[in-house]
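Reproduced below: input22.cif, with mmCIF, C-alpha atoms.
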data_entry
loop_
_atom_site.label_atom_id
_atom_site.label_comp_id
_atom_site.auth_asym_id
_atom_site.auth_seq_id
_atom_site.Cartn_x
_atom_site.Cartn_y
_atom_site.Cartn_z
CA MET D 108 19.07 8.95 -13.34
CA ASN D 109 16.70 9.81 -10.53
CA ILE D 110 16.49 8.09 -7.23
CA ASN D 111 12.85 7.50 -6.53
CA ALA D 112 10.29 5.10 -5.18
CA THR D 113 11.47 2.41 -7.60
CA LEU D 114 14.03 1.79 -4.86
CA ILE D 115 11.32 0.74 -2.45
CA GLY D 116 9.53 -1.27 -5.12
CA GLN D 117 12.72 -3.12 -5.91
CA ALA D 118 13.40 -3.82 -2.26
CA ILE D 119 9.90 -5.21 -1.77
CA ALA D 120 10.11 -7.33 -4.93
CA PHE D 121 13.52 -8.56 -3.85
CA LEU D 122 12.30 -9.59 -0.41
CA PHE D 123 9.26 -11.24 -1.92
CA PHE D 124 11.37 -13.32 -4.31
CA VAL D 125 13.79 -14.28 -1.55
CA GLY D 126 10.89 -15.33 0.64
CA PHE D 127 9.32 -17.35 -2.16
CA CYS D 128 12.62 -19.01 -2.94
CA MET D 129 13.23 -19.78 0.73
CA LYS D 130 9.82 -21.32 1.21
CA TYR D 131 8.94 -23.05 -2.04
CA VAL D 132 12.10 -23.56 -4.05
CA TRP D 133 15.15 -24.21 -1.92
CA PRO D 134 13.91 -26.81 0.59
CA PRO D 135 12.35 -29.32 -1.86
CA ILE D 136 15.26 -29.24 -4.27
CA MET D 137 17.84 -29.40 -1.49
CA GLN D 138 15.96 -32.28 0.07
CA ALA D 139 15.98 -34.15 -3.23
CA LEU D 140 19.70 -33.52 -3.58
CA ASP D 141 20.39 -34.79 -0.07
CA GLU D 142 18.19 -37.79 -0.68
CA ARG D 143 20.05 -38.63 -3.86
CA LYS D 144 23.36 -38.18 -2.07
CA LYS D 145 22.22 -40.65 0.56
CA LYS D 146 20.95 -43.05 -2.10
CA ILE D 147 24.27 -42.99 -3.89
CA ALA D 148 26.16 -43.49 -0.65
CA ASP D 149 23.91 -46.43 0.21
CA GLY D 150 24.37 -47.85 -3.26
CA LEU D 151 28.13 -47.64 -2.99
CA ALA D 152 28.09 -49.27 0.42
CA ALA D 153 25.84 -52.05 -0.93
CA ALA D 154 28.18 -52.57 -3.87
CA GLU D 155 31.12 -52.82 -1.49
CA ARG D 156 29.22 -55.31 0.62
CA GLY D 157 28.26 -57.27 -2.48
CA ARG D 158 31.85 -57.45 -3.62
CA HIS D 159 32.92 -58.68 -0.23
CA GLU D 160 30.20 -61.31 -0.22
CA GLN D 161 31.16 -62.41 -3.69
CA GLU D 162 34.74 -62.89 -2.55
CA LEU D 163 33.57 -65.01 0.34
CA ALA D 164 31.30 -67.02 -1.94
CA GLU D 165 34.16 -67.62 -4.36
CA LYS D 166 36.33 -68.83 -1.55
CA ARG D 167 33.58 -71.13 -0.35
CA ALA D 168 32.99 -72.42 -3.88
CA GLN D 169 36.69 -73.17 -4.25
CA GLN D 170 36.59 -75.11 -1.01
CA VAL D 171 33.54 -77.07 -2.10
CA ILE D 172 35.15 -77.89 -5.43
CA HIS D 173 38.27 -79.04 -3.64
CA GLU D 174 36.30 -81.28 -1.34
CA ALA D 175 34.31 -82.65 -4.25
CA LYS D 176 37.52 -83.46 -6.11
CA ASP D 177 38.95 -85.27 -3.12
CA GLN D 178 35.76 -87.19 -2.69
CA ALA D 179 35.62 -88.09 -6.36
CA SER D 180 39.17 -89.39 -6.42
CA GLU D 181 38.49 -91.42 -3.29
CA ILE D 182 35.39 -92.88 -4.85
CA VAL D 183 37.32 -93.75 -7.99
CA SER D 184 40.08 -95.48 -6.07
CA GLN D 185 37.54 -97.34 -3.98
CA ALA D 186 35.79 -98.45 -7.11
CA GLN D 187 39.04 -99.65 -8.59
CA ARG D 188 39.80 -101.57 -5.48
CA ARG D 189 36.36 -103.08 -5.47
CA GLY D 190 36.67 -103.94 -9.17
CA ASN D 191 39.95 -105.74 -8.54
CA GLU D 192 38.36 -107.59 -5.70
CA ILE D 193 35.45 -108.62 -7.88
CA VAL D 194 37.78 -109.77 -10.62
CA ASP D 195 39.85 -111.77 -8.13
CA GLU D 196 36.77 -113.24 -6.61
CA ALA D 197 35.46 -114.15 -10.05
CA LYS D 198 38.77 -115.77 -10.92
CA GLY D 199 38.64 -117.87 -7.75
CA THR D 200 35.07 -118.91 -8.37
CA ALA D 201 35.85 -119.76 -11.97
CA ARG D 202 38.83 -121.92 -10.96
CA ILE D 203 36.83 -123.79 -8.37
CA GLU D 204 33.98 -124.25 -10.80
CA GLY D 205 36.38 -125.44 -13.46
CA GLU D 206 37.95 -127.91 -11.08
CA ARG D 207 34.52 -129.09 -10.07
CA ILE D 208 33.53 -129.55 -13.70
CA VAL D 209 36.78 -131.36 -14.46
CA SER D 210 36.46 -133.71 -11.49
CA SER D 211 32.83 -134.44 -12.23
CA ALA D 212 33.79 -135.13 -15.82
CA ARG D 213 36.56 -137.43 -14.64
CA ALA D 214 34.13 -139.26 -12.35
CA GLU D 215 31.70 -139.65 -15.17
CA ILE D 216 34.46 -140.90 -17.46
CA GLU D 217 35.50 -143.44 -14.86
CA GLN D 218 31.91 -144.46 -14.34
CA GLU D 219 31.44 -144.83 -18.09
CA ALA D 220 34.63 -146.84 -18.28
CA ASN D 221 33.54 -149.13 -15.48
CA ARG D 222 30.19 -149.55 -17.06
CA ALA D 223 31.82 -150.32 -20.39
CA ARG D 224 34.20 -152.77 -18.74
CA ASP D 225 31.29 -154.53 -17.05
CA GLU D 226 29.45 -154.76 -20.32
CA LEU D 227 32.55 -155.90 -22.05
CA ARG D 228 33.03 -158.50 -19.42
CA VAL D 229 29.51 -159.78 -19.87
CA GLN D 230 29.85 -159.70 -23.63
CA VAL D 231 33.25 -161.40 -23.54
CA GLY D 232 31.77 -164.05 -21.28
CA ALA D 233 28.91 -164.48 -23.72
CA VAL D 234 31.26 -164.51 -26.68
CA ALA D 235 33.59 -166.97 -24.93
CA LEU D 236 30.65 -169.03 -24.00
CA ALA D 237 29.37 -168.88 -27.52
CA GLY D 238 32.81 -169.73 -28.86
CA ALA D 239 33.32 -172.50 -26.37
CA GLY D 240 29.79 -173.67 -27.03
CA LYS D 241 30.49 -173.79 -30.78
CA ILE D 242 33.77 -175.61 -30.19
CA LEU D 243 32.42 -178.01 -27.67
CA SER D 244 28.88 -178.29 -28.92
CA ARG D 245 29.27 -181.74 -29.84
CA GLU D 246 31.08 -183.14 -26.85
CA ILE D 247 30.12 -180.88 -23.99
CA ASP D 248 26.70 -180.54 -22.57
CA ASP D 249 25.56 -176.98 -21.91
CA LYS D 250 24.04 -177.71 -18.66
CA ALA D 251 26.84 -179.84 -17.31
CA HIS D 252 29.42 -177.23 -17.76
CA SER D 253 27.57 -173.89 -17.10
CA ASP D 254 28.84 -173.68 -13.55
CA LEU D 255 32.37 -173.92 -14.79
CA LEU D 256 31.72 -171.25 -17.41
CA ASP D 257 30.15 -168.87 -14.94
CA GLU D 258 33.16 -169.19 -12.76
CA LEU D 259 35.33 -168.35 -15.75
CA VAL D 260 33.22 -165.27 -16.58
CA SER D 261 33.48 -163.93 -13.06
CA GLN D 262 37.20 -164.28 -13.20
CA ILE D 263 37.61 -162.06 -16.23
CA MET L 225 8.33 17.26 -26.30
CA ALA L 226 9.63 15.58 -29.43
CA GLU L 227 13.27 16.36 -29.99
CA GLU L 228 14.98 16.05 -33.29
CA LEU L 229 16.67 12.65 -33.65
CA THR L 230 20.37 13.26 -33.27
CA VAL L 231 23.06 10.97 -31.90
CA SER L 232 23.01 12.78 -28.59
CA SER L 233 19.23 12.74 -28.33
CA HIS L 234 19.30 9.05 -29.21
CA ILE L 235 21.74 8.37 -26.39
CA LYS L 236 19.81 10.52 -23.94
CA HIS L 237 16.63 8.78 -24.95
CA HIS L 238 18.20 5.43 -24.18
CA LEU L 239 19.33 6.57 -20.76
CA GLN L 240 15.90 7.75 -19.63
CA ASN L 241 13.60 5.45 -17.74
CA LEU L 242 9.85 5.39 -18.20
CA ALA L 243 8.83 7.36 -15.13
CA PHE L 244 5.36 7.48 -13.64
CA GLY L 245 4.55 10.20 -11.13
CA ARG L 246 3.12 13.65 -10.60
CA LYS L 247 2.95 15.43 -13.94
CA HIS L 248 4.83 18.74 -14.33
CA GLU L 249 4.67 21.41 -16.97
CA GLU L 250 7.47 23.67 -18.14
CA ILE L 251 5.86 27.09 -18.24
CA GLU L 252 9.06 28.78 -19.28
CA PRO L 253 12.57 27.32 -19.80
CA GLY L 254 13.79 25.96 -16.47
CA VAL L 255 10.61 26.65 -14.53
CA TRP L 256 8.36 23.65 -13.83
CA VAL L 257 5.02 23.63 -12.07
CA PRO L 258 2.99 20.56 -11.06
CA THR L 259 -0.25 20.09 -12.94
CA GLY L 260 -1.83 17.98 -10.22
CA ASP L 261 -2.30 14.99 -12.51
CA TRP L 262 -0.47 11.66 -12.38
CA GLY L 263 1.00 10.17 -15.50
CA PHE L 264 4.09 9.22 -17.46
CA ALA L 265 6.86 11.75 -17.86
CA LEU L 266 7.16 12.84 -21.47
CA SER L 267 10.70 14.16 -21.21
CA SER L 268 13.73 13.57 -19.07
CA GLY L 269 13.30 17.07 -17.67
CA GLU L 270 9.84 16.27 -16.47
CA ALA L 271 10.98 12.94 -15.07
CA SER L 272 13.60 14.64 -12.94
CA GLN L 273 10.98 17.06 -11.63
CA MET L 274 8.81 14.23 -10.36
CA GLY L 275 10.89 13.79 -7.24
CA PHE L 276 11.10 10.75 -5.01
CA TRP L 277 7.49 9.70 -5.25
CA SER L 278 7.58 8.55 -8.80
CA ILE L 279 8.34 5.14 -10.11
CA HIS L 280 10.27 3.72 -13.03
CA VAL L 281 7.66 1.51 -14.61
CA ASP L 282 10.06 -0.13 -17.07
CA THR L 283 12.50 -1.11 -14.32
CA MET L 284 9.76 -2.50 -12.13
CA PHE L 285 8.07 -4.31 -15.00
CA MET L 286 11.22 -5.94 -16.32
CA SER L 287 12.63 -6.87 -12.93
CA ILE L 288 9.37 -8.33 -11.66
CA MET L 289 8.78 -10.16 -14.92
CA LEU L 290 12.26 -11.68 -14.78
CA GLY L 291 11.84 -12.49 -11.11
CA VAL L 292 8.55 -14.23 -11.79
CA LEU L 293 10.13 -16.10 -14.70
CA MET L 294 12.95 -17.27 -12.45
CA MET L 295 10.60 -18.31 -9.66
CA TRP L 296 8.29 -20.05 -12.11
CA PHE L 297 11.21 -22.04 -13.47
CA PHE L 298 12.56 -23.08 -10.08
CA ARG L 299 9.11 -23.71 -8.66
CA SER L 300 8.13 -25.95 -11.56
CA VAL L 301 11.33 -27.90 -10.98
CA ALA L 302 10.76 -28.04 -7.22
CA LYS L 303 7.24 -29.39 -7.70
CA LYS L 304 8.37 -32.35 -9.77
CA VAL L 305 11.72 -32.82 -8.09
CA SER L 306 12.83 -36.40 -7.56
CA ALA L 307 15.81 -38.00 -5.94
CA GLY L 308 15.96 -40.51 -8.79
CA VAL L 309 17.11 -39.82 -12.31
CA PRO L 310 16.64 -36.07 -12.89
CA THR L 311 14.99 -34.54 -15.95
CA PRO L 312 17.13 -32.19 -18.04
CA MET L 313 15.33 -29.20 -16.55
CA GLN L 314 15.90 -30.47 -13.04
CA ASN L 315 19.50 -31.13 -13.92
CA PHE L 316 19.93 -27.54 -14.95
CA ALA L 317 18.28 -26.20 -11.80
CA GLU L 318 20.35 -28.53 -9.67
CA LEU L 319 23.51 -27.36 -11.38
CA ILE L 320 22.76 -23.79 -10.33
CA ILE L 321 21.59 -24.71 -6.85
CA GLU L 322 24.55 -26.94 -6.16
CA PHE L 323 26.88 -24.19 -7.33
CA ILE L 324 25.19 -21.66 -5.03
CA ASP L 325 25.15 -24.10 -2.16
CA THR L 326 28.88 -24.81 -2.48
CA THR L 327 29.69 -21.13 -2.71
CA VAL L 328 27.54 -20.23 0.30
CA ARG L 329 28.95 -23.05 2.40
CA GLY L 330 32.42 -21.91 1.45
CA SER L 331 32.00 -18.33 2.61
CA PHE L 332 29.26 -18.45 5.23
CA SER L 333 30.17 -19.83 8.64
CA GLY L 334 27.27 -18.46 10.67
CA GLY L 335 25.43 -21.74 11.13
CA LYS L 336 22.46 -22.88 9.08
CA THR L 337 22.13 -21.61 5.53
CA THR L 338 18.35 -21.92 5.33
CA PHE L 339 17.99 -18.19 4.74
CA VAL L 340 21.32 -17.18 3.25
CA ALA L 341 21.41 -19.87 0.56
CA PRO L 342 17.99 -19.05 -0.98
CA LEU L 343 18.92 -15.38 -0.70
CA ALA L 344 22.12 -16.03 -2.61
CA LEU L 345 20.26 -18.06 -5.24
CA THR L 346 17.71 -15.30 -5.73
CA ILE L 347 20.38 -12.62 -6.01
CA PHE L 348 22.54 -14.56 -8.41
CA VAL L 349 19.83 -15.68 -10.81
CA TRP L 350 17.78 -12.52 -10.64
CA VAL L 351 20.70 -10.16 -11.11
CA PHE L 352 22.02 -12.37 -13.87
CA LEU L 353 18.70 -12.31 -15.72
CA MET L 354 18.40 -8.54 -15.32
CA ASN L 355 21.95 -8.11 -16.59
CA LEU L 356 21.23 -10.50 -19.43
CA MET L 357 18.74 -8.00 -20.85
CA ASP L 358 21.81 -5.95 -21.69
CA LEU L 359 22.58 -8.39 -24.48
CA VAL L 360 19.33 -7.68 -26.27
CA PRO L 361 20.15 -5.22 -29.06
CA VAL L 362 19.62 -1.78 -27.51
CA ASP L 363 16.95 -0.51 -29.87
CA VAL L 364 14.65 -3.53 -29.96
CA PHE L 365 12.60 -3.02 -26.83
CA PRO L 366 12.56 0.79 -26.91
CA GLN L 367 11.23 0.62 -30.47
CA ILE L 368 8.58 -1.93 -29.55
CA ALA L 369 7.60 0.19 -26.55
CA ALA L 370 7.54 3.38 -28.61
CA HIS L 371 5.27 1.91 -31.24
CA THR L 372 3.04 0.21 -28.70
CA GLY L 373 2.78 3.51 -26.83
CA SER L 374 1.97 5.52 -29.91
CA PHE L 375 -0.49 2.89 -31.14
CA LEU L 376 -2.34 2.36 -27.87
CA PHE L 377 -2.17 5.79 -26.25
CA GLY L 378 -1.52 8.07 -29.19
CA VAL L 379 1.63 9.60 -27.74
CA ASP L 380 4.58 10.72 -29.81
CA PRO L 381 6.89 7.65 -30.16
CA HIS L 382 9.82 9.85 -29.18
CA ASP L 383 8.26 10.55 -25.84
CA VAL L 384 8.01 6.88 -24.84
CA TYR L 385 11.01 5.83 -22.84
CA PHE L 386 11.86 2.24 -22.11
CA LYS L 387 15.01 0.84 -20.51
CA ILE L 388 14.98 -2.92 -20.40
CA VAL L 389 18.02 -3.43 -18.19
CA PRO L 390 16.83 -2.85 -14.61
CA THR L 391 20.38 -2.97 -13.25
CA THR L 392 21.35 0.09 -15.31
CA ASP L 393 18.78 2.02 -13.32
CA ILE L 394 20.49 2.92 -10.04
CA ASN L 395 17.25 2.30 -8.15
CA ALA L 396 17.31 -1.44 -8.76
CA PRO L 397 20.79 -2.25 -7.43
CA LEU L 398 20.41 0.32 -4.68
CA GLY L 399 17.07 -1.12 -3.63
CA MET L 400 18.62 -4.55 -3.36
CA ALA L 401 21.71 -3.22 -1.60
CA LEU L 402 19.61 -1.36 0.96
CA THR L 403 17.69 -4.57 1.60
CA VAL L 404 21.03 -6.23 2.17
CA LEU L 405 21.94 -3.42 4.61
CA LEU L 406 18.70 -4.02 6.50
CA LEU L 407 19.51 -7.73 6.61
CA ILE L 408 23.01 -6.98 7.91
CA ILE L 409 21.57 -4.82 10.69
CA PHE L 410 18.83 -7.36 11.41
CA PHE L 411 21.22 -10.30 11.74
CA SER L 412 23.74 -8.27 13.72
CA ILE L 413 21.10 -7.38 16.26
CA LYS L 414 19.66 -10.88 16.24
CA ILE L 415 23.00 -12.55 16.90
CA LYS L 416 24.72 -9.98 19.09
CA GLY L 417 21.77 -8.17 20.60
CA LEU L 418 21.06 -4.46 20.37
CA GLY L 419 23.89 -3.64 22.78
CA GLY L 420 26.31 -5.88 20.94
CA PHE L 421 25.52 -4.24 17.65
CA PHE L 422 25.94 -0.69 18.91
CA GLY L 423 28.93 -1.74 20.94
CA GLU L 424 30.50 -2.93 17.73
CA LEU L 425 29.77 0.41 16.13
CA ALA L 426 31.06 2.49 19.03
CA PHE L 427 33.81 0.65 20.92
CA GLN L 428 36.14 -0.38 18.16
CA PRO L 429 38.63 -0.21 16.71
CA PHE L 430 40.14 2.31 19.16
CA GLY L 431 38.56 1.55 22.52
CA LYS L 432 35.96 3.42 24.54
CA LYS L 433 37.85 6.70 24.83
CA MET L 434 37.58 7.34 21.11
CA LEU L 435 33.86 6.62 20.96
CA PRO L 436 32.69 9.35 18.53
CA PHE L 437 35.56 8.67 16.19
CA ASN L 438 34.90 4.95 16.29
CA PHE L 439 31.23 5.54 15.65
CA VAL L 440 31.81 7.69 12.57
CA LEU L 441 34.34 5.21 11.24
CA GLU L 442 32.15 2.16 11.79
CA VAL L 443 28.99 3.77 10.40
CA VAL L 444 30.87 4.70 7.27
CA THR L 445 32.18 1.13 7.03
CA LEU L 446 28.67 -0.21 7.49
CA LEU L 447 27.14 2.08 4.87
CA ALA L 448 29.99 1.60 2.43
CA LYS L 449 29.11 -2.06 2.14
CA PRO L 450 25.71 -1.73 0.45
CA PHE L 451 26.66 1.38 -1.48
CA SER L 452 29.75 -0.20 -2.97
CA LEU L 453 27.62 -3.24 -3.75
CA ALA L 454 25.05 -1.15 -5.60
CA MET L 455 27.54 1.12 -7.32
CA ARG L 456 29.69 -1.75 -8.56
CA LEU L 457 26.79 -3.49 -10.22
CA PHE L 458 25.23 -0.30 -11.53
CA GLY L 459 28.53 1.11 -12.79
CA ASN L 460 29.52 -2.00 -14.66
CA LEU L 461 26.16 -2.45 -16.31
CA TYR L 462 25.67 1.23 -17.03
CA ALA L 463 29.04 1.42 -18.72
CA GLY L 464 28.34 -1.77 -20.62
CA GLU L 465 25.02 -0.46 -21.84
CA MET L 466 26.60 2.86 -22.76
CA ILE L 467 29.08 1.08 -24.97
CA PHE L 468 26.29 -0.88 -26.63
CA ILE L 469 24.44 2.38 -27.29
CA LEU L 470 27.56 4.03 -28.71
CA ILE L 471 28.17 1.04 -30.95
CA ALA L 472 24.55 1.20 -32.04
CA THR L 473 25.01 4.82 -33.16
CA MET L 474 27.65 3.59 -35.61
CA TYR L 475 24.96 1.87 -37.67
CA SER L 476 23.78 5.23 -38.89
CA ALA L 477 27.22 6.18 -40.16
CA GLY L 478 27.39 4.31 -43.45
CA LEU L 479 28.11 0.77 -44.53
CA VAL L 480 31.77 0.55 -43.57
CA ILE L 481 31.48 1.97 -40.08
CA GLY L 482 28.18 0.14 -39.70
CA SER L 483 29.77 -3.25 -40.39
CA LEU L 484 32.61 -2.36 -38.04
CA GLY L 485 29.93 -1.57 -35.49
CA ALA L 486 28.32 -4.97 -36.03
CA LEU L 487 31.67 -6.63 -35.43
CA LEU L 488 32.25 -4.54 -32.32
CA GLN L 489 28.81 -5.33 -31.01
CA VAL L 490 29.37 -9.06 -31.32
CA GLY L 491 32.76 -8.75 -29.64
CA TRP L 492 31.48 -6.62 -26.81
CA ALA L 493 28.44 -8.85 -26.34
CA ILE L 494 30.66 -11.91 -25.97
CA PHE L 495 32.85 -10.07 -23.49
CA HIS L 496 29.78 -8.78 -21.73
CA ILE L 497 28.52 -12.31 -21.07
CA LEU L 498 31.49 -12.62 -18.74
CA ILE L 499 30.77 -9.28 -17.07
CA ILE L 500 27.11 -9.89 -16.39
CA THR L 501 27.79 -13.29 -14.88
CA LEU L 502 30.70 -11.99 -12.87
CA GLN L 503 28.74 -9.03 -11.53
CA ALA L 504 25.85 -11.24 -10.50
CA PHE L 505 28.31 -13.56 -8.80
CA ILE L 506 30.12 -10.71 -7.02
CA PHE L 507 26.86 -9.24 -5.76
CA MET L 508 25.90 -12.62 -4.41
CA VAL L 509 29.23 -13.50 -2.80
CA LEU L 510 29.64 -10.11 -1.18
CA THR L 511 26.13 -10.27 0.23
CA VAL L 512 26.92 -13.66 1.72
CA VAL L 513 30.22 -12.38 3.09
CA TYR L 514 28.56 -9.33 4.65
CA LEU L 515 25.92 -11.48 6.26
CA ASP L 516 28.63 -13.83 7.48
CA MET L 517 30.39 -10.84 9.07
CA ALA L 518 27.10 -9.84 10.67
CA HIS L 519 26.92 -13.30 12.23
CA GLN L 520 30.39 -13.12 13.72
CA GLU L 521 31.26 -11.58 17.03
CA HIS L 522 34.07 -9.05 17.02
CA HIS L 523 35.89 -8.30 20.22
#
Would you give me this structure, written as structure tokens?
Amino acid sequence: MNINATLIGQAIAFLFFVGFCMKYVWPPIMQALDERKKKIADGLAAAERGRHEQELAEKRAQQVIHEAKDQASEIVSQAQRRGNEIVDEAKGTARIEGERIVSSARAEIEQEANRARDELRVQVGAVALAGAGKILSREIDDKAHSDLLDELVSQI
Amino acid sequence: MAEELTVSSHIKHHLQNLAFGRKHEEIEPGVWVPTGDWGFALSSGEASQMGFWSIHVDTMFMSIMLGVLMMWFFRSVAKKVSAGVPTPMQNFAELIIEFIDTTVRGSFSGGKTTFVAPLALTIFVWVFLMNLMDLVPVDVFPQIAAHTGSFLFGVDPHDVYFKIVPTTDINAPLGMALTVLLLIIFFSIKIKGLGGFFGELAFQPFGKKMLPFNFVLEVVTLLAKPFSLAMRLFGNLYAGEMIFILIATMYSAGLVIGSLGALLQVGWAIFHILIITLQAFIFMVLTVVYLDMAHQEHH
């Protein structure tokens, strides 16, 4: 166990290693560690911000959904109202149309009846004339009594 | 100088570093003369004759190799480092660095940690790796070294010494601790100025009238810091290694004691994992604390 120049050798080696470590080892690794620390801190902050934004977005979405629901129900009620209106309107139109059809039918019927009556009248006149002619053919002259017969026809 | 292989020579062999320095020859028992050549000491007696200007090659080799290994690992991570998803290797390096960074920030209040934190990292990992060599079974590396030595250089295998745990050689912890002392003095002077530093040594704790007394007291305090640092690490590891060596001697004492030794070795190794980590950590924390004290003004 002798104290000798190994002492000096050790001291020099020691200083050399410390110097090397100080220059080439510690700063890059420390820098990387600090950088990562900063990255993680940034990441956490971003996550926090994201969560906050998500909350806001959810709130906004809820609001939009609410509005949409209101709007939808309004539209539905409007549509119902409009539907009722249309049905009412259609009912009115149908009644008027029906009445029109009925009255026109009545007018036609009356017209037909009048026409039939006129025809009947002419035919009755002709039949009466024929009957009277047959009855009176021997004693009454056609020409002498036609005026009288015409007058009779018009009176029917 | 091949000795006969006894338990005591085995232990002594394990406690001798591979020393390189001025060669000496024992001309008669107890009398050594330098031969003028440089080379490896072939006995512990010769190693102790080499004086201060010799060097423990095994300590230097192992410590520098481990230091390079550590720096290679961290550098290769630092080159590919990314702030995104880390690779497993980067994860591991970050685990250590984050741990060091937290510890340094917790005990250092002298401003920026751009020097102290890398210093702490180097101390912790390097000392840990050097201590870790203690867990390698005690005879493995010395045997490899002995056979390599005898194969390559033709020396007697018993004359090749190799200690793989640098921290059980007092020079390694002491060298680091003295560097720490220099750093303490450097930062004291840098922060407080030359006058401030010497004022701190001379004018407290008892005021200007007791100047010599203060000075002696403060210098002892100052020197006690690195020496306690070195001795604590060295003592713990030396004792730990000693126990490993003693356990290893049990293997030669028959099957029963040998198996007991195996059990003991496993137990002590598991316990030692705690010690080596703790000692590395203590060395680091105390260094940081001392440097923190150097940064603070006392009045």
Applying 12 Å and all atoms listed in the file, which residues near His280 in chain L remain after dropping the ones on its own chain fewer than 5 positions away? List them as a JSON list (two decimals) with C-alpha atoms, keeping the file's coordinate frame.
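Saved as part-v3.json:
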[["chain", "number", "residue", "atom", "x", "y", "z"],
["D", 108, "MET", "CA", 19.07, 8.95, -13.34],
["D", 109, "ASN", "CA", 16.70, 9.81, -10.53],
["D", 110, "ILE", "CA", 16.49, 8.09, -7.23],
["D", 111, "ASN", "CA", 12.85, 7.50, -6.53],
["D", 112, "ALA", "CA", 10.29, 5.10, -5.18],
["D", 113, "THR", "CA", 11.47, 2.41, -7.60],
["D", 114, "LEU", "CA", 14.03, 1.79, -4.86],
["D", 115, "ILE", "CA", 11.32, 0.74, -2.45],
["D", 116, "GLY", "CA", 9.53, -1.27, -5.12],
["D", 117, "GLN", "CA", 12.72, -3.12, -5.91],
["L", 240, "GLN", "CA", 15.90, 7.75, -19.63],
["L", 241, "ASN", "CA", 13.60, 5.45, -17.74],
["L", 242, "LEU", "CA", 9.85, 5.39, -18.20],
["L", 243, "ALA", "CA", 8.83, 7.36, -15.13],
["L", 244, "PHE", "CA", 5.36, 7.48, -13.64],
["L", 245, "GLY", "CA", 4.55, 10.20, -11.13],
["L", 263, "GLY", "CA", 1.00, 10.17, -15.50],
["L", 264, "PHE", "CA", 4.09, 9.22, -17.46],
["L", 265, "ALA", "CA", 6.86, 11.75, -17.86],
["L", 271, "ALA", "CA", 10.98, 12.94, -15.07],
["L", 272, "SER", "CA", 13.60, 14.64, -12.94],
["L", 274, "MET", "CA", 8.81, 14.23, -10.36],
["L", 275, "GLY", "CA", 10.89, 13.79, -7.24],
["L", 285, "PHE", "CA", 8.07, -4.31, -15.00],
["L", 286, "MET", "CA", 11.22, -5.94, -16.32],
["L", 287, "SER", "CA", 12.63, -6.87, -12.93],
["L", 385, "TYR", "CA", 11.01, 5.83, -22.84],
["L", 386, "PHE", "CA", 11.86, 2.24, -22.11],
["L", 387, "LYS", "CA", 15.01, 0.84, -20.51],
["L", 388, "ILE", "CA", 14.98, -2.92, -20.40],
["L", 389, "VAL", "CA", 18.02, -3.43, -18.19],
["L", 390, "PRO", "CA", 16.83, -2.85, -14.61],
["L", 392, "THR", "CA", 21.35, 0.09, -15.31],
["L", 393, "ASP", "CA", 18.78, 2.02, -13.32],
["L", 394, "ILE", "CA", 20.49, 2.92, -10.04],
["L", 395, "ASN", "CA", 17.25, 2.30, -8.15],
["L", 396, "ALA", "CA", 17.31, -1.44, -8.76]]
Next on the checklist: Assuming the chain letters and numbering stay as they are in my file, what does the PyMOL selection byres ((chain L) within 6 of (chain D)) actually select? List them as JSON, numbers by chain.
Outcome noted: {"L": [276, 277, 278, 279, 280, 299, 302, 306, 307, 342, 343, 346, 395, 396, 399, 400, 403]}
Item to check | Hits of the PyMOL selection byres ((chain L and resi 501-513) around 7) in this structure, as a VMD selection string | outcome: chain L and resid 328 331 to 332 340 344 347 to 348 351 to 352 404 453 457 497 to 500 514 to 517
Next on the checklist: Evaluate the PyMOL selection byres ((chain L and resi 321) around 9) against this structure - the residues, as JSON, numbers by chain, please.
Outcome noted: {"D": [133, 136, 137], "L": [316, 317, 318, 319, 320, 322, 323, 324, 325, 326, 341, 342, 345]}
Next on the checklist: I'd like the contact shell of Ile235 in chain L - 12 Å cut-off, all atoms listed in the file, skipping same-chain residues fewer than 4 positions apart - returned as a list in words.
Outcome noted: Leu229, Thr230, Val231, Leu239, Gln240, Val362, Asp363, Pro366, Tyr385, Lys387, Glu465, Met466, Ile467, Phe468, Ile469, Leu470, Ile471, Ala472, Thr473 and Met474 of chain L
Store the residues picked out above in a file with C-alpha atoms, as an mmCIF file, in the coordinates of the input.
data_model
loop_
_atom_site.group_PDB
_atom_site.id
_atom_site.type_symbol
_atom_site.label_atom_id
_atom_site.label_comp_id
_atom_site.auth_asym_id
_atom_site.auth_seq_id
_atom_site.Cartn_x
_atom_site.Cartn_y
_atom_site.Cartn_z
ATOM 1 C CA LEU L 229 16.670 12.650 -33.650
ATOM 2 C CA THR L 230 20.370 13.260 -33.270
ATOM 3 C CA VAL L 231 23.060 10.970 -31.900
ATOM 4 C CA LEU L 239 19.330 6.570 -20.760
ATOM 5 C CA GLN L 240 15.900 7.750 -19.630
ATOM 6 C CA VAL L 362 19.620 -1.780 -27.510
ATOM 7 C CA ASP L 363 16.950 -0.510 -29.870
ATOM 8 C CA PRO L 366 12.560 0.790 -26.910
ATOM 9 C CA TYR L 385 11.010 5.830 -22.840
ATOM 10 C CA LYS L 387 15.010 0.840 -20.510
ATOM 11 C CA GLU L 465 25.020 -0.460 -21.840
ATOM 12 C CA MET L 466 26.600 2.860 -22.760
ATOM 13 C CA ILE L 467 29.080 1.080 -24.970
ATOM 14 C CA PHE L 468 26.290 -0.880 -26.630
ATOM 15 C CA ILE L 469 24.440 2.380 -27.290
ATOM 16 C CA LEU L 470 27.560 4.030 -28.710
ATOM 17 C CA ILE L 471 28.170 1.040 -30.950
ATOM 18 C CA ALA L 472 24.550 1.200 -32.040
ATOM 19 C CA THR L 473 25.010 4.820 -33.160
ATOM 20 C CA MET L 474 27.650 3.590 -35.610
#
